[in-house]
Structures are given as C-alpha cells and as structure tokens.
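Novice: As input, take protein_31.pdb (PDB, C-alpha atoms):
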ATOM      1  CA  MET A   4      12.496 -49.280  -5.215
ATOM      2  CA  SER A   5      15.725 -48.642  -7.105
ATOM      3  CA  SER A   6      18.555 -51.148  -6.698
ATOM      4  CA  GLN A   7      21.128 -48.330  -6.775
ATOM      5  CA  LEU A   8      20.739 -44.658  -5.929
ATOM      6  CA  ASN A   9      23.138 -42.043  -7.264
ATOM      7  CA  VAL A  10      23.142 -39.112  -4.847
ATOM      8  CA  GLY A  11      24.522 -35.634  -5.411
ATOM      9  CA  ILE A  12      25.262 -33.183  -2.621
ATOM     10  CA  ALA A  13      24.783 -29.442  -3.074
ATOM     11  CA  GLY A  14      26.747 -27.766  -0.297
ATOM     12  CA  LEU A  15      29.586 -29.176   1.780
ATOM     13  CA  GLY A  16      28.977 -27.546   5.132
ATOM     14  CA  ALA A  17      28.279 -29.346   8.395
ATOM     15  CA  ILE A  18      25.459 -31.417   6.866
ATOM     16  CA  GLY A  19      26.940 -32.160   3.456
ATOM     17  CA  ARG A  20      30.216 -33.428   4.883
ATOM     18  CA  VAL A  21      28.448 -35.858   7.212
ATOM     19  CA  VAL A  22      26.345 -37.249   4.362
ATOM     20  CA  ALA A  23      29.347 -37.564   2.043
ATOM     21  CA  ARG A  24      31.374 -39.402   4.698
ATOM     22  CA  LYS A  25      28.509 -41.816   5.382
ATOM     23  CA  ILE A  26      28.217 -42.661   1.693
ATOM     24  CA  GLN A  27      31.967 -42.983   1.208
ATOM     25  CA  THR A  28      32.405 -45.325   4.193
ATOM     26  CA  GLY A  29      29.750 -47.695   2.844
ATOM     27  CA  ALA A  30      27.343 -46.985   5.708
ATOM     28  CA  LEU A  31      24.587 -46.574   3.107
ATOM     29  CA  PRO A  32      24.536 -49.701   0.941
ATOM     30  CA  ARG A  33      23.301 -49.246  -2.640
ATOM     31  CA  ILE A  34      23.953 -45.513  -2.510
ATOM     32  CA  THR A  35      26.749 -43.906  -4.531
ATOM     33  CA  LEU A  36      28.046 -40.351  -4.325
ATOM     34  CA  ALA A  37      27.509 -39.026  -7.858
ATOM     35  CA  GLY A  38      29.253 -35.726  -7.212
ATOM     36  CA  VAL A  39      29.100 -32.480  -5.290
ATOM     37  CA  THR A  40      28.564 -28.827  -6.079
ATOM     38  CA  THR A  41      29.712 -25.978  -3.877
ATOM     39  CA  GLY A  42      30.853 -22.385  -3.992
ATOM     40  CA  ASP A  43      34.462 -23.301  -3.180
ATOM     41  CA  ARG A  44      35.656 -25.961  -5.622
ATOM     42  CA  VAL A  45      39.199 -26.100  -4.210
ATOM     43  CA  LYS A  46      37.978 -26.675  -0.675
ATOM     44  CA  ALA A  47      35.476 -29.257  -1.904
ATOM     45  CA  GLN A  48      38.153 -31.177  -3.801
ATOM     46  CA  SER A  49      40.385 -31.131  -0.731
ATOM     47  CA  PHE A  50      37.587 -32.619   1.366
ATOM     48  CA  LEU A  51      36.821 -35.333  -1.202
ATOM     49  CA  ASP A  52      40.518 -36.248  -1.339
ATOM     50  CA  GLU A  53      40.577 -36.387   2.456
ATOM     51  CA  ILE A  54      37.753 -38.951   2.630
ATOM     52  CA  GLY A  55      39.084 -40.913  -0.341
ATOM     53  CA  SER A  56      36.215 -40.150  -2.698
ATOM     54  CA  ALA A  57      36.606 -40.022  -6.465
ATOM     55  CA  ALA A  58      33.305 -38.162  -6.855
ATOM     56  CA  PRO A  59      33.667 -35.083  -9.101
ATOM     57  CA  VAL A  60      33.046 -31.451  -8.236
ATOM     58  CA  LEU A  61      30.444 -30.269 -10.745
ATOM     59  CA  ASP A  62      28.152 -27.391 -11.548
ATOM     60  CA  ILE A  63      24.537 -27.950 -10.546
ATOM     61  CA  GLN A  64      23.322 -28.753 -14.077
ATOM     62  CA  ASN A  65      25.799 -31.607 -14.496
ATOM     63  CA  LEU A  66      25.218 -32.799 -10.940
ATOM     64  CA  ALA A  67      21.479 -32.985 -11.610
ATOM     65  CA  ALA A  68      22.116 -34.958 -14.812
ATOM     66  CA  LEU A  69      24.255 -37.566 -13.016
ATOM     67  CA  SER A  70      22.121 -37.916  -9.884
ATOM     68  CA  ASP A  71      18.872 -39.658  -9.040
ATOM     69  CA  ALA A  72      18.527 -37.429  -5.981
ATOM     70  CA  VAL A  73      20.307 -34.272  -4.845
ATOM     71  CA  VAL A  74      20.671 -33.304  -1.198
ATOM     72  CA  GLU A  75      20.323 -29.522  -0.861
ATOM     73  CA  CYS A  76      22.264 -28.372   2.199
ATOM     74  CA  ALA A  77      23.561 -25.037   0.943
ATOM     75  CA  PRO A  78      22.916 -21.452   2.111
ATOM     76  CA  ALA A  79      19.241 -20.545   1.808
ATOM     77  CA  ALA A  80      20.042 -17.739  -0.630
ATOM     78  CA  VAL A  81      20.986 -20.206  -3.393
ATOM     79  CA  PHE A  82      18.122 -22.652  -2.836
ATOM     80  CA  ALA A  83      16.280 -21.844  -6.070
ATOM     81  CA  GLU A  84      19.514 -22.012  -8.095
ATOM     82  CA  ILE A  85      19.897 -25.601  -6.909
ATOM     83  CA  ALA A  86      16.253 -26.641  -6.984
ATOM     84  CA  VAL A  87      15.332 -25.538 -10.505
ATOM     85  CA  PRO A  88      17.911 -27.647 -12.435
ATOM     86  CA  VAL A  89      17.275 -30.695 -10.244
ATOM     87  CA  LEU A  90      13.494 -30.578 -10.531
ATOM     88  CA  SER A  91      13.591 -29.621 -14.215
ATOM     89  CA  ALA A  92      15.556 -32.823 -14.812
ATOM     90  CA  GLY A  93      12.768 -34.807 -13.137
ATOM     91  CA  LYS A  94      14.980 -35.773 -10.200
ATOM     92  CA  LYS A  95      14.377 -35.883  -6.446
ATOM     93  CA  LEU A  96      15.406 -32.904  -4.331
ATOM     94  CA  ILE A  97      16.034 -33.540  -0.639
ATOM     95  CA  ALA A  98      15.515 -30.025   0.673
ATOM     96  CA  LEU A  99      16.993 -28.828   3.952
ATOM     97  CA  SER A 100      16.208 -25.138   3.365
ATOM     98  CA  ALA A 101      12.508 -25.888   3.729
ATOM     99  CA  GLY A 102      11.685 -22.279   4.512
ATOM    100  CA  GLN A 103      12.532 -21.382   0.928
ATOM    101  CA  LEU A 104       9.605 -23.470  -0.295
ATOM    102  CA  LEU A 105       7.334 -20.852   1.270
ATOM    103  CA  ARG A 106       9.073 -18.174  -0.805
ATOM    104  CA  HIS A 107       9.155 -20.272  -3.977
ATOM    105  CA  PRO A 108       5.869 -22.219  -4.234
ATOM    106  CA  GLU A 109       6.425 -22.376  -7.981
ATOM    107  CA  LEU A 110       9.031 -25.075  -7.329
ATOM    108  CA  ILE A 111       6.287 -27.453  -6.215
ATOM    109  CA  ALA A 112       4.489 -26.824  -9.489
ATOM    110  CA  LEU A 113       7.749 -27.411 -11.358
ATOM    111  CA  ALA A 114       8.223 -30.763  -9.622
ATOM    112  CA  LYS A 115       4.706 -31.806 -10.603
ATOM    113  CA  GLU A 116       5.197 -30.733 -14.204
ATOM    114  CA  SER A 117       8.593 -32.393 -14.677
ATOM    115  CA  GLY A 118       8.022 -35.578 -12.689
ATOM    116  CA  GLY A 119      10.483 -34.565  -9.985
ATOM    117  CA  GLN A 120       9.865 -34.730  -6.254
ATOM    118  CA  ILE A 121      10.730 -32.520  -3.283
ATOM    119  CA  ILE A 122      11.482 -34.436  -0.097
ATOM    120  CA  VAL A 123      11.691 -32.512   3.184
ATOM    121  CA  PRO A 124      13.398 -34.706   5.783
ATOM    122  CA  THR A 125      12.399 -34.568   9.428
ATOM    123  CA  GLY A 126      15.559 -32.629  10.240
ATOM    124  CA  ALA A 127      15.760 -31.170  13.732
ATOM    125  CA  LEU A 128      12.147 -31.900  14.697
ATOM    126  CA  ILE A 129      10.182 -35.001  15.635
ATOM    127  CA  GLY A 130       6.638 -36.155  15.027
ATOM    128  CA  PHE A 131       6.046 -35.240  11.377
ATOM    129  CA  ASP A 132       4.356 -38.607  10.932
ATOM    130  CA  ALA A 133       1.819 -37.684  13.611
ATOM    131  CA  VAL A 134       1.253 -34.192  12.221
ATOM    132  CA  SER A 135       0.773 -35.378   8.638
ATOM    133  CA  ALA A 136      -1.595 -38.124   9.843
ATOM    134  CA  ALA A 137      -3.600 -35.593  11.860
ATOM    135  CA  ALA A 138      -3.779 -33.370   8.766
ATOM    136  CA  GLU A 139      -5.745 -36.115   7.003
ATOM    137  CA  GLY A 140      -8.466 -35.205   9.499
ATOM    138  CA  GLU A 141      -8.877 -31.737  10.985
ATOM    139  CA  ILE A 142      -6.193 -29.816  12.875
ATOM    140  CA  GLN A 143      -7.365 -26.872  14.970
ATOM    141  CA  SER A 144      -3.983 -25.432  15.946
ATOM    142  CA  VAL A 145      -0.229 -25.991  15.773
ATOM    143  CA  THR A 146       2.086 -24.006  18.042
ATOM    144  CA  MET A 147       5.867 -24.264  18.133
ATOM    145  CA  ILE A 148       8.190 -22.689  20.696
ATOM    146  CA  THR A 149      11.887 -22.601  19.806
ATOM    147  CA  ARG A 150      14.712 -21.735  22.201
ATOM    148  CA  LYS A 151      18.215 -21.351  20.851
ATOM    149  CA  PRO A 152      21.594 -20.329  22.240
ATOM    150  CA  VAL A 153      22.333 -16.710  21.423
ATOM    151  CA  ASN A 154      25.079 -17.535  18.902
ATOM    152  CA  GLY A 155      22.620 -19.695  16.974
ATOM    153  CA  LEU A 156      20.471 -16.649  16.196
ATOM    154  CA  MET A 157      23.096 -13.969  15.696
ATOM    155  CA  GLY A 158      22.812 -12.161  12.370
ATOM    156  CA  ALA A 159      19.267 -13.316  11.560
ATOM    157  CA  PRO A 160      17.685 -10.843   9.100
ATOM    158  CA  TYR A 161      14.677 -10.240  11.361
ATOM    159  CA  LEU A 162      16.903  -9.201  14.257
ATOM    160  CA  VAL A 163      19.025  -6.936  12.062
ATOM    161  CA  ARG A 164      15.996  -5.353  10.390
ATOM    162  CA  ASN A 165      14.314  -4.606  13.719
ATOM    163  CA  GLY A 166      17.434  -3.532  15.580
ATOM    164  CA  ILE A 167      17.197  -6.333  18.140
ATOM    165  CA  ASP A 168      20.559  -6.762  19.887
ATOM    166  CA  ILE A 169      20.960 -10.126  21.602
ATOM    167  CA  SER A 170      24.742 -10.051  22.033
ATOM    168  CA  ASN A 171      24.683  -9.226  25.752
ATOM    169  CA  LEU A 172      21.599 -11.073  26.953
ATOM    170  CA  THR A 173      21.583 -12.264  30.564
ATOM    171  CA  GLU A 174      18.086 -13.777  30.479
ATOM    172  CA  PRO A 175      15.823 -15.344  27.833
ATOM    173  CA  LEU A 176      14.233 -12.953  25.327
ATOM    174  CA  CYS A 177      11.333 -13.693  22.988
ATOM    175  CA  VAL A 178      12.571 -12.188  19.728
ATOM    176  CA  PHE A 179       9.702 -13.297  17.489
ATOM    177  CA  ARG A 180       6.078 -14.355  17.725
ATOM    178  CA  GLY A 181       4.029 -14.881  14.578
ATOM    179  CA  SER A 182       3.334 -17.210  11.661
ATOM    180  CA  ALA A 183       5.649 -19.868  10.305
ATOM    181  CA  ARG A 184       5.755 -17.950   7.012
ATOM    182  CA  ASP A 185       7.057 -14.804   8.696
ATOM    183  CA  ALA A 186       9.475 -16.827  10.843
ATOM    184  CA  ALA A 187      10.947 -18.523   7.783
ATOM    185  CA  MET A 188      11.393 -15.138   6.069
ATOM    186  CA  GLY A 189      13.009 -13.522   9.095
ATOM    187  CA  PHE A 190      15.184 -16.435  10.195
ATOM    188  CA  PRO A 191      16.050 -18.289   6.946
ATOM    189  CA  GLU A 192      19.028 -20.168   8.424
ATOM    190  CA  ASN A 193      17.469 -20.907  11.806
ATOM    191  CA  VAL A 194      13.918 -22.223  11.678
ATOM    192  CA  ASN A 195      13.545 -24.438   8.624
ATOM    193  CA  VAL A 196      11.854 -26.816  11.065
ATOM    194  CA  ALA A 197       9.014 -24.299  11.411
ATOM    195  CA  ALA A 198       8.458 -24.263   7.660
ATOM    196  CA  ALA A 199       8.582 -28.057   7.458
ATOM    197  CA  LEU A 200       6.122 -28.345  10.351
ATOM    198  CA  SER A 201       3.722 -25.967   8.622
ATOM    199  CA  LEU A 202       3.932 -27.896   5.352
ATOM    200  CA  ALA A 203       3.093 -31.117   7.201
ATOM    201  CA  GLY A 204       0.095 -29.627   8.973
ATOM    202  CA  LEU A 205      -1.923 -26.390   8.903
ATOM    203  CA  GLY A 206       0.140 -24.432   6.419
ATOM    204  CA  PRO A 207       2.528 -21.512   6.962
ATOM    205  CA  ASP A 208      -0.062 -18.860   7.826
ATOM    206  CA  ARG A 209      -1.941 -20.801  10.524
ATOM    207  CA  THR A 210       1.086 -22.337  12.252
ATOM    208  CA  THR A 211       2.186 -20.180  15.201
ATOM    209  CA  ILE A 212       5.865 -19.814  16.115
ATOM    210  CA  GLU A 213       7.695 -18.300  19.074
ATOM    211  CA  ILE A 214      11.487 -17.867  18.931
ATOM    212  CA  TRP A 215      13.520 -17.258  22.075
ATOM    213  CA  ALA A 216      17.164 -16.293  22.355
ATOM    214  CA  ASP A 217      18.293 -17.932  25.583
ATOM    215  CA  PRO A 218      21.779 -17.401  27.045
ATOM    216  CA  ASN A 219      21.136 -20.231  29.516
ATOM    217  CA  VAL A 220      20.771 -23.080  27.022
ATOM    218  CA  LYS A 221      23.381 -24.900  24.963
ATOM    219  CA  ARG A 222      21.041 -26.872  22.743
ATOM    220  CA  ASN A 223      18.492 -25.971  20.079
ATOM    221  CA  MET A 224      15.172 -26.688  21.775
ATOM    222  CA  HIS A 225      11.798 -27.103  20.067
ATOM    223  CA  ARG A 226       8.393 -27.786  21.641
ATOM    224  CA  VAL A 227       5.326 -28.375  19.487
ATOM    225  CA  VAL A 228       1.686 -28.579  20.608
ATOM    226  CA  VAL A 229      -0.958 -29.892  18.203
ATOM    227  CA  GLU A 230      -4.734 -29.834  18.707
ATOM    228  CA  ALA A 231      -6.671 -31.978  16.240
ATOM    229  CA  ASP A 232      -9.929 -33.907  15.998
ATOM    230  CA  SER A 233      -7.975 -37.166  16.081
ATOM    231  CA  ALA A 234      -5.549 -36.408  18.925
ATOM    232  CA  ARG A 235      -3.901 -33.797  21.091
ATOM    233  CA  PHE A 236      -0.155 -34.239  21.351
ATOM    234  CA  GLU A 237       3.008 -32.460  22.371
ATOM    235  CA  MET A 238       6.540 -33.034  21.121
ATOM    236  CA  ALA A 239       9.804 -31.737  22.529
ATOM    237  CA  ILE A 240      13.406 -32.155  21.426
ATOM    238  CA  GLU A 241      16.759 -30.717  22.498
ATOM    239  CA  ASN A 242      19.266 -30.844  19.657
ATOM    240  CA  VAL A 243      23.021 -30.741  20.126
ATOM    241  CA  PRO A 244      24.380 -28.061  17.768
ATOM    242  CA  SER A 245      26.802 -29.131  15.040
ATOM    243  CA  GLU A 246      29.971 -27.216  14.199
ATOM    244  CA  ASN A 247      27.517 -24.730  12.694
ATOM    245  CA  PRO A 248      25.586 -23.412  15.737
ATOM    246  CA  LYS A 249      22.515 -22.776  13.574
ATOM    247  CA  THR A 250      22.195 -26.481  12.746
ATOM    248  CA  GLY A 251      21.696 -29.472  15.029
ATOM    249  CA  ARG A 252      23.734 -32.641  14.628
ATOM    250  CA  ILE A 253      20.580 -34.678  14.185
ATOM    251  CA  THR A 254      19.707 -32.787  10.977
ATOM    252  CA  ALA A 255      22.484 -34.465   8.989
ATOM    253  CA  LEU A 256      21.548 -37.838  10.455
ATOM    254  CA  SER A 257      17.951 -37.231   9.395
ATOM    255  CA  VAL A 258      19.157 -36.877   5.798
ATOM    256  CA  VAL A 259      21.097 -40.119   6.116
ATOM    257  CA  ALA A 260      17.974 -41.867   7.444
ATOM    258  CA  ALA A 261      15.888 -40.464   4.570
ATOM    259  CA  LEU A 262      18.395 -41.761   2.002
ATOM    260  CA  ARG A 263      18.470 -45.164   3.671
ATOM    261  CA  LYS A 264      14.660 -45.404   3.421
ATOM    262  CA  MET A 265      14.820 -44.685  -0.290
ATOM    263  CA  VAL A 266      16.647 -47.954  -1.011
ATOM    264  CA  SER A 267      15.601 -50.115   1.944
ATOM    265  CA  PRO A 268      13.342 -53.177   1.569
ATOM    266  CA  LEU A 269      11.709 -52.180   4.892
ATOM    267  CA  ARG A 270      10.467 -48.665   5.508
ATOM    268  CA  VAL A 271       9.245 -47.695   8.985
ATOM    269  CA  GLY A 272       7.229 -44.490   9.217
ATOM    270  CA  THR A 273       4.973 -42.750   6.719
TER
END
What is this file in structure tokens?

Specialist:
Amino acid sequence: MSSQLNVGIAGLGAIGRVVARKIQTGALPRITLAGVTTGDRVKAQSFLDEIGSAAPVLDIQNLAALSDAVVECAPAAVFAEIAVPVLSAGKKLIALSAGQLLRHPELIALAKESGGQIIVPTGALIGFDAVSAAAEGEIQSVTMITRKPVNGLMGAPYLVRNGIDISNLTEPLCVFRGSARDAAMGFPENVNVAAALSLAGLGPDRTTIEIWADPNVKRNMHRVVVEADSARFEMAIENVPSENPKTGRITALSVVAALRKMVSPLRVGT
C-alpha cells in the first residue's frame, strides 16, 4: 500500500468534478490531485481556480508521467487515447468507460505487458463482489434489465442507426435486447454497467441485456439476476441521475470509494 497516491483526472464532466472536489477538500487523505486533462483547457483552469486547486492542466502523456493512477471519465470516443499512454507508463487506469474495453481488448494485453492495471469501479451497479465470487465457480446465466428516463437514452447510436424515436413516448418501450457486447457498442454512454457486469461474470457474449426507455421513471434503474452453482441472487438499484442524465450520482462516489480503498489500511470487499 502506497503512503501517498498521486491521481490524475482525464475529463472534467459530472464525475471528474466530483472527484477533483473530494481530493481538493481533503476528503481523501493521502491522495493528491496530480493534474487534469480535458478537451477545454480554459474551462478546466477556471474550474480548478474555483475549487482552489493548483493542479496543472496537462496533456495525457504528461499527466500519465506525473500520476500513479488516472481516473478516466471522459467521452467514450477518446477512451483509447487516454488509456494507451497511462498503461504504457505502467500506471493504474480507473476506467469508467468500461464498454470500451470490449472494443479494445488489446488494452488488457498492454497493461499486462507494461505492468499497468485497469480498475473498473462498481459505478452505477451493485453486487460485483458476488458476481466475481460466483465466477470462481460456474455461472449459468446473467440477465440485466435497465430502465432509464427517456432523456438518458436520447441520441444513443443504436437508436439513431435503427431509426427508433423515443422523444414522444407515453409508455415504456424496450429498445434493445441482446448481449452485453452489442449493448455496449450501441449505447456507449449509457450502459457501461452492462460491460462491467459482463467482465465480472460470464463475459460480454453470454450476458443478456434489456434496455427500456421509460417516460414514467426519473431514476436509472438496473435489475440483475444471476444463476450459478454457488448461489442464485438478484440485485436491484435505482440511481439518481447527475447533472448529466446519462450518469448516476453514485458513479462518481464509486470512484471516490475505489480511490479510498487504494490507500486505506482496511479494505472491505474483494
């Protein structure tokens, strides 16, 4: 366990700002904000000034060099641009865009080769400990049903590609049913939890996902059913959306909890 952890943040959206504030206020002892990288340097500097942080705004190569761990909370499209320099430097990558790991499996090989590590925090789901424990035995099936407010799914590539209009829904509509791999490809900003669940358990091709656009709900809702030789269990969570309707508030707090575990003398959970 390191006595001090220098953390970089890649992306200063709803998640990155929460993490930066927590570090700056001293809520995470023994953790220092090494710097940030973002597409809008002026806006990033303004935010850092606002919270009283002297952390620099850097490009990803310099951020990776100065950090022990980098929190990736940027748009999914730039995931690989962030991951490659961090992992090549042998550092830890805390990955929120978990769905991109299904598109870029070579990043796992890169982490192994360079001595880096990819950490996928629990994020908006619960029960990863149980799923990963069950995977040490035999899992027969994993099914996840997601319900989201309509504005949390608007603009998803799968909907656009298939001409599915959800703007005027008056009742719930199942917009997708298939594998976690296909869900992550079609909804890259919406169902990273599905990708993370699949990585913890049966894999992306055997994990089944349903996605519902529901005009009657205000929270991001996930229900997971697991059948295994060691246990049968169900998990359900209703997440309050953050200022970004595609992301739950608990996701940022999950990153904070993961960072705290990295320097804590007591770690609860696998």

Novice: Could you expand the PyMOL selection byres ((chain A and resi 221) around 10) into the explicit residues it covers here, written as a PDB file with C-alpha atoms, keeping the file's coordinate frame?

Specialist:
ATOM      1  CA  ARG A 150      14.712 -21.735  22.201  1.00  0.00           C
ATOM      2  CA  LYS A 151      18.215 -21.351  20.851  1.00  0.00           C
ATOM      3  CA  PRO A 152      21.594 -20.329  22.240  1.00  0.00           C
ATOM      4  CA  VAL A 153      22.333 -16.710  21.423  1.00  0.00           C
ATOM      5  CA  ASN A 154      25.079 -17.535  18.902  1.00  0.00           C
ATOM      6  CA  GLY A 155      22.620 -19.695  16.974  1.00  0.00           C
ATOM      7  CA  ASP A 217      18.293 -17.932  25.583  1.00  0.00           C
ATOM      8  CA  PRO A 218      21.779 -17.401  27.045  1.00  0.00           C
ATOM      9  CA  ASN A 219      21.136 -20.231  29.516  1.00  0.00           C
ATOM     10  CA  VAL A 220      20.771 -23.080  27.022  1.00  0.00           C
ATOM     11  CA  ARG A 222      21.041 -26.872  22.743  1.00  0.00           C
ATOM     12  CA  ASN A 223      18.492 -25.971  20.079  1.00  0.00           C
ATOM     13  CA  MET A 224      15.172 -26.688  21.775  1.00  0.00           C
ATOM     14  CA  GLU A 241      16.759 -30.717  22.498  1.00  0.00           C
ATOM     15  CA  ASN A 242      19.266 -30.844  19.657  1.00  0.00           C
ATOM     16  CA  VAL A 243      23.021 -30.741  20.126  1.00  0.00           C
ATOM     17  CA  PRO A 244      24.380 -28.061  17.768  1.00  0.00           C
ATOM     18  CA  PRO A 248      25.586 -23.412  15.737  1.00  0.00           C
TER      19      PRO A 248
END

Novice: Find the spatial neighbours of A:Thr125, counting all atoms listed in the file, within a cut-off of 9 Å - ignore same-chain residues fewer than 6 positions away - and output them as a PDB file with C-alpha atoms, keeping the file's coordinate frame.

Specialist:
ATOM      1  CA  PHE A 131       6.046 -35.240  11.377  1.00  0.00           C
ATOM      2  CA  VAL A 196      11.854 -26.816  11.065  1.00  0.00           C
ATOM      3  CA  ALA A 199       8.582 -28.057   7.458  1.00  0.00           C
ATOM      4  CA  LEU A 200       6.122 -28.345  10.351  1.00  0.00           C
ATOM      5  CA  THR A 254      19.707 -32.787  10.977  1.00  0.00           C
ATOM      6  CA  SER A 257      17.951 -37.231   9.395  1.00  0.00           C
ATOM      7  CA  VAL A 258      19.157 -36.877   5.798  1.00  0.00           C
ATOM      8  CA  ALA A 261      15.888 -40.464   4.570  1.00  0.00           C
TER       9      ALA A 261
END

Novice: Which residues, named as in the file, does the PyMOL selection byres ((chain A and resi 127) around 6) pick out? Answer as a VMD selection string.

Specialist: chain A and resid 126 128 253 to 254

Novice: One decimal, in Å: what's the spacing between atom CA of A:Leu15 and atom CA of A:Ser267?

Specialist: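 Computed distance, atom CA of A:Leu15 to atom CA of A:Ser267, equals 25.2 Å.
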
Novice: Residues of stretch 115-153 of chain A that have any atom at most 12 Å from an atom of stretch 71-76 of chain A: could you tabulate them with the shortest-distance atom pair and the distance in Å to one decimal, using only C-alpha atoms, ordered by chain and increasing number, as a Markdown table?

Specialist:
| residue | atom | partner | partner_atom | distance |
| --- | --- | --- | --- | --- |
| A:Gly119 | CA | A:Ala72 | CA | 9.4 |
| A:Gln120 | CA | A:Ala72 | CA | 9.1 |
| A:Ile121 | CA | A:Ala72 | CA | 9.6 |
| A:Ile122 | CA | A:Val74 | CA | 9.3 |
| A:Val123 | CA | A:Glu75 | CA | 10.0 |
| A:Pro124 | CA | A:Val74 | CA | 10.2 |
| A:Gly126 | CA | A:Cys76 | CA | 11.3 |

Novice: Applying the PyMOL selection byres ((chain A and resi 176) around 6) to the file I just gave you, which residues come out? Please list them as a PyMOL selection string.

Specialist: chain A and resi 175+177-178+215-216

Novice: A:Gly102: which residues within 10 Å, counting all atoms listed in the file, same-chain residues fewer than 5 positions away excluded, as a list of chain:residue names?

Specialist: A:Ala79, A:Phe82, A:His107, A:Ala183, A:Arg184, A:Asp185, A:Ala186, A:Ala187, A:Met188, A:Gly189, A:Phe190, A:Pro191, A:Glu192, A:Asn193, A:Val194, A:Asn195, A:Val196, A:Ala197, A:Ala198, A:Ala199, A:Ser201, A:Leu202, A:Pro207

Novice: Kindly give the distance, in Å, that separates atom CA of A:Arg235 and atom CA of A:Ala260, rounded to a single decimal.

Specialist: 27.0 Å
